[in-house]
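Peer 1: protein.cif (mmCIF, C-alpha atoms) pasted underneath:
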data_coords
#
loop_
_atom_site.label_atom_id
_atom_site.label_comp_id
_atom_site.auth_asym_id
_atom_site.auth_seq_id
_atom_site.Cartn_x
_atom_site.Cartn_y
_atom_site.Cartn_z
CA MET C 1 71.62 110.97 106.39
CA SER C 2 69.47 111.02 103.29
CA GLY C 3 67.04 113.79 102.57
CA ALA C 4 65.78 116.36 100.11
CA SER C 5 68.12 117.95 97.60
CA LYS C 6 70.06 120.94 98.77
CA LYS C 7 68.98 124.39 97.64
CA GLN C 8 71.02 126.42 95.21
CA MET C 9 72.26 129.96 95.63
CA PRO C 10 70.13 132.63 93.94
CA GLY C 11 71.47 133.45 90.50
CA ALA C 12 73.68 130.38 90.37
CA SER C 13 74.59 129.17 86.87
CA SER C 14 73.69 125.67 88.02
CA VAL C 15 76.79 123.73 87.14
CA SER C 16 75.21 121.05 89.29
CA ARG C 17 72.34 120.67 86.81
CA VAL C 18 74.86 120.04 84.06
CA VAL C 19 76.63 117.46 86.22
CA SER C 20 73.37 115.62 86.86
CA ARG C 21 72.91 115.18 83.10
CA LEU C 22 76.35 113.75 82.34
CA SER C 23 76.64 110.14 81.26
CA PRO C 24 77.53 107.95 84.26
CA THR C 25 81.18 107.30 85.04
CA LEU C 26 81.73 103.57 85.39
CA CYS C 27 83.97 101.95 87.98
CA TYR C 28 85.04 98.70 89.57
CA GLY C 29 84.02 98.49 93.19
CA GLY C 30 84.97 96.13 96.00
CA MET C 31 86.66 93.61 93.74
CA SER C 32 89.06 91.01 95.03
CA ARG C 33 91.38 91.52 92.09
CA VAL C 34 92.27 95.09 92.97
CA PRO C 35 96.00 94.88 93.80
CA ARG C 36 96.83 95.28 97.46
CA PHE C 37 100.05 96.87 98.59
CA ARG C 38 101.54 93.60 99.80
CA TRP C 39 101.06 92.17 96.29
CA THR C 40 103.41 94.78 94.85
CA THR C 41 106.31 94.38 97.29
CA VAL C 42 109.45 92.34 96.66
CA ASP C 43 112.25 91.15 98.93
CA SER C 44 115.04 92.96 97.08
CA VAL C 45 115.61 95.31 94.16
CA ASP C 46 116.94 92.34 92.16
CA ALA C 47 113.75 90.32 92.48
CA GLN C 48 111.84 89.47 89.33
CA VAL C 49 108.52 91.24 89.03
CA GLN C 50 105.89 91.71 86.37
CA GLU C 51 104.50 95.07 85.29
CA ASN C 52 100.95 94.63 84.11
CA PRO C 53 98.90 97.42 82.50
CA TRP C 54 95.70 98.22 84.38
CA SER C 55 93.82 97.38 81.19
CA THR C 56 94.81 93.72 81.78
CA ILE C 57 94.50 93.76 85.58
CA LEU C 58 90.89 94.88 85.63
CA PRO C 59 88.09 92.42 84.84
CA ARG C 60 85.62 92.63 81.99
CA ALA C 61 83.87 95.90 81.25
CA ASP C 62 80.48 94.29 81.84
CA GLU C 63 81.39 94.03 85.53
CA MET C 64 81.54 97.82 85.89
CA THR C 65 78.95 99.81 87.85
CA PRO C 66 78.02 103.52 87.97
CA LEU C 67 80.53 105.35 90.19
CA ALA C 68 78.14 107.68 92.02
CA GLN C 69 75.79 104.84 92.92
CA THR C 70 78.67 102.61 94.00
CA VAL C 71 80.20 105.25 96.27
CA CYS C 72 76.88 106.03 97.95
CA GLU C 73 76.13 102.34 98.51
CA MET C 74 79.57 101.74 100.03
CA VAL C 75 79.25 104.80 102.29
CA ASP C 76 75.92 103.53 103.59
CA ARG C 77 77.18 99.97 104.00
CA CYS C 78 80.42 100.95 105.77
CA ARG C 79 78.76 103.75 107.78
CA THR C 80 81.87 105.77 107.06
CA ARG C 81 82.43 109.47 107.49
CA LEU C 82 85.29 109.66 105.00
CA VAL C 83 85.53 109.13 101.25
CA THR C 84 88.92 109.69 99.64
CA PHE C 85 89.44 110.31 95.94
CA GLY C 86 92.99 109.73 94.76
CA GLU C 87 93.31 111.69 91.57
CA GLN C 88 95.63 112.10 88.64
CA HIS C 89 95.94 115.88 88.47
CA HIS C 90 94.26 117.94 85.73
CA GLN C 91 92.62 115.02 83.90
CA PRO C 92 89.17 115.91 82.45
CA THR C 93 87.80 112.37 82.84
CA VAL C 94 88.88 112.29 86.47
CA LEU C 95 87.25 115.69 87.08
CA LYS C 96 83.98 114.36 85.66
CA ALA C 97 84.16 111.42 88.08
CA GLN C 98 84.85 113.78 90.99
CA LEU C 99 81.94 116.04 90.07
CA GLN C 100 79.55 113.12 89.91
CA THR C 101 80.79 111.72 93.21
CA LEU C 102 80.47 115.11 94.90
CA HIS C 103 77.01 115.75 93.43
CA ALA C 104 75.66 112.35 94.48
CA LEU C 105 76.99 112.61 98.03
CA ALA C 106 75.69 116.17 98.42
CA GLN C 107 72.18 115.06 97.51
CA ARG C 108 72.21 112.45 100.27
CA HIS C 109 74.31 114.07 103.01
CA HIS C 110 73.43 117.53 104.29
CA HIS C 111 76.70 117.87 106.21
CA LEU C 112 79.14 117.12 103.40
CA VAL C 113 82.54 118.83 103.50
CA LEU C 114 85.03 118.80 100.61
CA VAL C 115 88.72 118.82 101.64
CA LEU C 116 91.22 119.63 98.88
CA GLU C 117 94.95 119.14 98.56
CA HIS C 118 95.00 122.05 96.13
CA PHE C 119 94.53 124.71 98.82
CA ASN C 120 96.67 125.17 101.91
CA VAL C 121 95.22 125.85 105.33
CA CYS C 122 96.16 129.54 105.14
CA GLN C 123 93.98 130.02 102.06
CA GLN C 124 90.75 129.22 103.88
CA PRO C 125 89.53 132.86 103.77
CA LEU C 126 89.63 132.67 99.95
CA LEU C 127 87.56 129.50 99.91
CA ASP C 128 85.08 130.87 102.42
CA ALA C 129 84.67 134.12 100.47
CA PHE C 130 84.05 132.27 97.22
CA GLY C 131 81.59 129.94 98.92
CA ALA C 132 79.71 132.89 100.37
CA GLY C 133 79.50 134.58 96.98
CA THR C 134 81.60 137.60 97.99
CA LEU C 135 84.55 136.61 95.80
CA SER C 136 84.19 135.94 92.08
CA GLY C 137 85.71 132.98 90.31
CA ASP C 138 88.07 135.25 88.37
CA ASP C 139 89.25 136.91 91.57
CA LEU C 140 89.75 133.54 93.24
CA VAL C 141 91.87 132.31 90.34
CA ALA C 142 93.90 135.54 90.37
CA ALA C 143 94.52 135.38 94.13
CA TYR C 144 95.44 131.70 93.92
CA ALA C 145 97.94 132.40 91.14
CA GLU C 146 99.92 134.57 93.55
CA SER C 147 100.58 131.55 95.79
CA ARG C 148 103.04 128.72 95.23
CA GLU C 149 100.49 125.93 95.28
CA GLY C 150 101.01 125.31 91.58
CA PHE C 151 97.73 123.75 90.42
CA ARG C 152 95.78 125.09 87.45
CA LEU C 153 92.81 126.27 89.42
CA ALA C 154 90.67 126.85 86.33
CA HIS C 155 90.49 123.06 85.96
CA TYR C 156 88.98 122.70 89.44
CA MET C 157 86.53 125.62 89.26
CA PRO C 158 83.58 123.34 88.33
CA LEU C 159 84.12 121.47 91.63
CA LEU C 160 84.18 124.73 93.58
CA SER C 161 81.13 126.03 91.71
CA VAL C 162 79.07 122.93 92.47
CA CYS C 163 80.03 123.24 96.13
CA ARG C 164 78.90 126.86 96.19
CA GLU C 165 75.59 125.99 94.52
CA LEU C 166 74.90 123.07 96.86
CA GLU C 167 76.24 124.85 99.95
CA VAL C 168 79.02 122.33 100.53
CA ARG C 169 81.87 123.83 102.51
CA VAL C 170 85.32 123.54 100.92
CA VAL C 171 88.36 123.30 103.21
CA GLY C 172 92.05 123.57 102.35
CA GLY C 173 93.82 120.43 103.53
CA PHE C 174 97.54 120.89 102.93
CA PRO C 175 100.33 122.89 104.51
CA ASP C 176 101.80 125.84 102.61
CA ARG C 177 104.31 124.59 100.05
CA ARG C 178 106.92 126.86 101.56
CA TRP C 179 106.73 124.91 104.82
CA ALA C 180 107.23 121.61 103.00
CA SER C 181 110.10 123.15 101.04
CA THR C 182 111.81 124.13 104.27
CA VAL C 183 111.39 120.59 105.60
CA PHE C 184 112.87 119.22 102.38
CA ARG C 185 115.85 121.60 102.33
CA LYS C 186 116.49 121.94 106.06
CA SER C 187 114.41 120.11 108.68
CA VAL C 188 111.08 119.89 110.44
CA GLY C 189 112.52 121.93 113.30
CA ASP C 190 113.59 124.69 110.93
CA ALA C 191 110.14 124.77 109.37
CA ARG C 192 108.51 125.12 112.79
CA ALA C 193 110.84 127.99 113.67
CA GLU C 194 110.83 129.88 110.37
CA HIS C 195 107.06 129.65 109.80
CA ALA C 196 105.90 129.82 113.41
CA ASP C 197 103.74 132.88 112.73
CA GLU C 198 101.93 131.12 109.89
CA ILE C 199 101.45 127.55 111.06
CA PRO C 200 98.16 127.11 112.97
CA LYS C 201 98.80 127.07 116.70
CA GLU C 202 96.31 124.22 117.04
CA PHE C 203 98.44 121.88 114.95
CA ASP C 204 100.09 119.54 117.45
CA ARG C 205 101.12 116.47 115.46
CA TRP C 206 104.80 117.12 114.94
CA ASP C 207 105.78 113.66 116.17
CA ASP C 208 103.58 112.23 113.44
CA VAL C 209 105.27 114.44 110.84
CA THR C 210 108.64 112.83 111.59
CA THR C 211 107.20 109.29 111.66
CA LEU C 212 106.60 107.08 108.64
CA SER C 213 105.60 103.44 108.56
CA THR C 214 107.89 101.07 106.70
CA ASP C 215 105.08 100.49 104.20
CA ALA C 216 104.87 104.22 103.52
CA VAL C 217 108.63 104.43 103.05
CA SER C 218 108.59 101.50 100.60
CA TYR C 219 105.70 103.02 98.64
CA LEU C 220 107.29 106.47 98.37
CA GLU C 221 110.62 104.95 97.36
CA SER C 222 108.85 103.05 94.61
CA MET C 223 107.19 106.22 93.33
CA THR C 224 110.41 108.21 93.19
CA ARG C 225 112.67 105.44 91.87
CA GLY C 226 110.33 103.68 89.47
CA ARG C 227 110.99 100.28 91.01
CA PRO C 228 108.80 97.84 92.94
CA PRO C 229 108.54 98.62 96.67
CA THR C 230 110.83 96.43 98.74
CA THR C 231 110.28 94.85 102.15
CA PRO C 232 112.17 96.11 104.05
CA PRO C 233 112.68 99.48 102.30
CA GLU C 234 115.95 100.25 100.53
CA THR C 235 116.52 103.29 102.74
CA SER C 236 118.42 102.68 105.98
CA LEU C 237 115.86 103.30 108.71
CA VAL C 238 116.41 104.60 112.23
CA ASP C 239 114.15 105.25 115.17
CA ARG C 240 113.70 108.56 116.97
CA GLU C 241 116.91 107.97 118.94
CA GLY C 242 118.94 107.32 115.81
CA LYS C 243 119.22 103.58 116.36
CA PRO C 244 118.82 101.17 113.43
CA LEU C 245 115.18 100.24 113.12
CA LYS C 246 114.17 96.66 113.67
CA GLY C 247 110.66 95.46 113.11
CA GLY C 248 108.10 94.30 110.63
CA ARG C 249 105.81 96.08 108.22
CA VAL C 250 104.08 98.15 110.90
CA ALA C 251 107.33 99.51 112.36
CA HIS C 252 107.81 103.27 112.18
CA ALA C 253 110.94 105.12 111.09
CA TYR C 254 112.12 108.63 111.95
CA PHE C 255 112.64 111.32 109.29
CA GLU C 256 113.58 114.90 110.22
CA LYS C 257 114.26 116.26 106.73
CA GLY C 258 114.26 115.43 103.04
CA LEU C 259 111.62 114.30 100.57
CA LEU C 260 109.95 111.72 102.81
CA ALA C 261 109.65 114.15 105.71
CA ALA C 262 108.15 116.78 103.39
CA GLN C 263 105.63 114.25 102.09
CA SER C 264 104.83 113.26 105.65
CA LEU C 265 104.18 116.90 106.56
CA LYS C 266 101.57 117.14 103.80
CA ASP C 267 99.87 113.88 104.76
CA THR C 268 99.88 114.71 108.47
CA PHE C 269 98.23 118.07 107.83
CA MET C 270 95.58 116.48 105.62
CA ALA C 271 94.83 113.89 108.30
CA TRP C 272 94.68 116.60 110.97
CA VAL C 273 92.27 118.76 108.95
CA ILE C 274 89.96 115.80 108.33
CA ASP C 275 90.11 114.76 111.98
CA GLU C 276 89.23 118.30 113.10
CA ILE C 277 86.19 118.35 110.80
CA VAL C 278 84.93 114.91 111.80
CA GLY C 279 85.67 115.51 115.46
CA SER C 280 83.89 118.86 115.61
CA GLY C 281 80.93 117.79 113.50
CA ASP C 282 77.98 115.59 114.29
CA ASP C 283 77.40 111.98 113.33
CA GLU C 284 75.97 113.13 109.99
CA THR C 285 79.20 114.83 108.88
CA LEU C 286 80.77 113.25 105.80
CA VAL C 287 84.12 114.31 104.34
CA LEU C 288 85.09 113.89 100.69
CA ALA C 289 88.89 114.33 100.52
CA ILE C 290 90.53 114.83 97.13
CA ALA C 291 94.30 114.58 96.73
CA GLY C 292 96.87 113.07 94.43
CA LEU C 293 96.73 109.29 94.43
CA GLY C 294 100.22 109.14 95.96
CA HIS C 295 98.81 110.65 99.15
CA CYS C 296 96.23 107.93 99.80
CA GLU C 297 96.75 104.84 97.62
CA PHE C 298 96.49 101.47 99.39
CA GLY C 299 95.30 103.29 102.52
CA LEU C 300 98.72 104.86 103.04
CA GLY C 301 99.55 108.58 103.15
CA PHE C 302 97.04 110.70 105.02
CA VAL C 303 94.63 107.75 105.34
CA GLU C 304 97.17 105.77 107.34
CA LYS C 305 98.00 108.78 109.51
CA LEU C 306 94.34 109.47 110.19
CA ARG C 307 93.60 105.88 111.10
CA ARG C 308 96.54 105.92 113.49
CA VAL C 309 94.59 108.31 115.72
CA LYS C 310 91.02 107.48 114.66
CA ARG C 311 90.09 104.00 113.47
CA GLU C 312 87.76 105.45 110.87
CA GLU C 313 86.26 103.30 108.13
CA VAL C 314 87.17 104.70 104.73
CA VAL C 315 85.80 104.35 101.21
CA MET C 316 88.64 104.97 98.78
CA VAL C 317 88.32 105.90 95.11
CA ALA C 318 91.45 105.59 92.97
CA SER C 319 91.79 106.87 89.41
CA LYS C 320 93.96 104.67 87.22
CA ASP C 321 95.25 105.35 83.73
CA LEU C 322 94.59 102.17 81.76
CA GLU C 323 98.00 102.40 80.11
CA MET C 324 99.84 102.72 83.42
CA THR C 325 101.34 99.58 84.89
CA GLU C 326 101.18 98.06 88.34
CA PHE C 327 103.98 96.04 89.89
CA ASP C 328 102.86 92.51 90.53
CA ASN C 329 105.07 90.11 92.47
CA THR C 330 102.72 87.18 91.73
CA LYS C 331 102.46 86.25 95.42
CA PRO C 332 99.49 84.04 96.35
CA ARG C 333 96.31 86.07 96.83
CA THR C 334 94.11 83.56 98.59
CA ASN C 335 94.85 84.61 102.17
CA PRO C 336 92.64 87.38 103.57
CA PRO C 337 94.45 90.52 104.76
CA SER C 338 95.21 90.85 108.46
CA ASP C 339 93.83 93.64 110.64
CA THR C 340 97.19 95.41 110.49
CA ASP C 341 97.17 95.71 106.70
CA PRO C 342 96.63 99.28 105.53
CA ASP C 343 94.82 98.08 102.43
CA ILE C 344 91.75 96.33 103.83
CA LEU C 345 89.46 99.27 103.14
CA ALA C 346 86.74 99.55 100.51
CA HIS C 347 88.35 100.21 97.14
CA ILE C 348 86.77 101.69 94.03
CA ILE C 349 88.82 101.92 90.83
CA VAL C 350 87.96 104.51 88.18
CA PRO C 351 89.81 103.63 84.95
CA TYR C 352 90.42 106.35 82.37
CA GLU C 353 92.44 107.09 79.27
CA ALA C 354 94.87 109.90 80.00
CA ALA C 355 94.59 113.14 78.02
CA GLU C 356 97.58 115.32 77.25
CA VAL C 357 97.65 118.44 79.39
CA ASP C 358 99.69 121.59 78.95
#
Show how you would write the structure in this file as structure tokens.

Peer 2:
Amino acid sequence: MSGASKKQMPGASSVSRVVSRLSPTLCYGGMSRVPRFRWTTVDSVDAQVQENPWSTILPRADEMTPLAQTVCEMVDRCRTRLVTFGEQHHQPTVLKAQLQTLHALAQRHHHLVLVLEHFNVCQQPLLDAFGAGTLSGDDLVAAYAESREGFRLAHYMPLLSVCRELEVRVVGGFPDRRWASTVFRKSVGDARAEHADEIPKEFDRWDDVTTLSTDAVSYLESMTRGRPPTTPPETSLVDREGKPLKGGRVAHAYFEKGLLAAQSLKDTFMAWVIDEIVGSGDDETLVLAIAGLGHCEFGLGFVEKLRRVKREEVVMVASKDLEMTEFDNTKPRTNPPSDTDPDILAHIIVPYEAAEVD
């Protein structure tokens, strides 16, 4: 998988050279103290729980290692074909970490593919044109602004520029926001009917769209309500036949509409796109998938959906604001996780101090 550095496009401004000269981003990798999802759950909304800032959860700074080196070592050790980077959107320090991760992986893996939440699957022609050099950065930003995807693309242009210079293909990983909006307002069935001419015919995971694990439900509830995740979730769960759901953490609930179904649509598409790339590539193919942390933290979101169909090893990078807090139920942490836990994967934490963004 390792080899000579990739060539750059003629006339490239060489953003990649600038990236190679940046001071290393430091991280915590593979540490036992990284909170696992089961550490954050409580039995009821009335349970007592601590909220500890990440600045107190993480160990001493002298235990940190260079991010790019750590990611590459974990990829080699795990023999994985997927690295996920859970980001906080539009943060300069996080972008620096992403650039260094991308640059390091591209130097070692000739078949690296970058999958982004920020582009939907219908925008692939834009990404391909920019990658081929037939569409300028200004034109890409202008065309993107006409969509409803909502990210400030100028922030992510250095990532796209490095990919063009190093000939790394960039792939849009999410569904169109209009499809998710229809799921939220109406239902999955309505989205399939109203957007039938736009949704890729090859997408065949509709059962997965309407299915969420109880862990995923608990996590998403916690995000939206600002409370610790509960086991079982607060939401009344039913199966596909509308019967009350009974089962443990790995049970799966049925959602046809609303916020959770819309989130599931996004995660299912991301998992499908990654699976298509890995499945159609060779053994040397490596995917770097960047999305909001809420789409992959603790191995949930699109990581869980992907591993449901492909037991792929995953190296996960999570960016954490040092002033943000983590729920901590103070449960004993001596027992190793079971094979059914979604959070047994290789974790890397990139701490940062949040900057104000417009």

Peer 1: Determine, counting all atoms listed in the file, which protein, DNA and RNA residues have an atom within 7 Å of an atom of range 288-304 of chain C; residues of the same chain fewer than 6 positions away are not included. Present the result as a VMD selection string.

Peer 2: chain C and resid 36 to 37 82 to 89 113 to 117 216 267 to 268 270 to 271 318 342 to 343

Peer 1: Give as a PyMOL selection string the residues that the PyMOL selection byres ((chain C and resi 144-159) around 9) matches when applied to the coordinates above.

Peer 2: chain C and resi 15-16+89-92+95+98-99+102+118-120+123+126+137+139-143+160-164+176-178

Peer 1: Evaluate the PyMOL selection byres ((chain C and resi 203-212) around 6) and record the selected residues as number ranges by chain, following the chain and residue labels used in the document.

Peer 2: C: 200-202, 213, 252-256, 264-265, 268

Peer 1: Quick one: residues within 8 Å of range 226-235 of chain C, all atoms listed in the file counted, chain neighbours fewer than 3 positions away excluded, as a list in words?

Peer 2: Thr40, Thr41, Val42, Asp43, Ser44, Val45, Val49, Thr214, Asp215, Val217, Ser218, Tyr219, Glu221, Ser222, Met223, Gly248, Arg249 and Phe327 of chain C

Peer 1: One decimal, in Å: what's the spacing between CA of Asp275 in chain C and CA of Leu306 in chain C?

Peer 2: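 Interatomic distance here is 7.0 Å.
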
Peer 1: Quick one: distance from CA of His103 in chain C to CA of Ser23 in chain C in Å, one decimal?

Peer 2: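 Interatomic distance here is 13.4 Å.
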
Peer 1: Could you state the separation of CA of Lys266 in chain C and CA of Trp179 in chain C in Å, given to one decimal place?

Peer 2: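 Going from CA of Lys266 in chain C over to CA of Trp179 in chain C covers 9.4 Å.
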
Peer 1: Give me the result of the PyMOL selection byres ((chain C and resi 69) around 12) on this file, residue by residue, as a list in words.

Peer 2: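 Residues picked by the PyMOL selection byres ((chain C and resi 69) around 12): Pro24, Thr25, Leu26, Cys27, Tyr28, Gly29, Met64, Thr65, Pro66, Leu67, Ala68, Thr70, Val71, Cys72, Glu73, Met74, Val75, Asp76, Ala97, Gln100, Thr101, Leu102, His103, Ala104, Leu105, Gln107, Arg108 and Ile348 of chain C.
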
Peer 1: Write out as a count of residues only which residues come within 12 Å of Asp282 in chain C when counting all atoms listed in the file, dropping same-chain ones fewer than 4 positions away.

Peer 2: 11
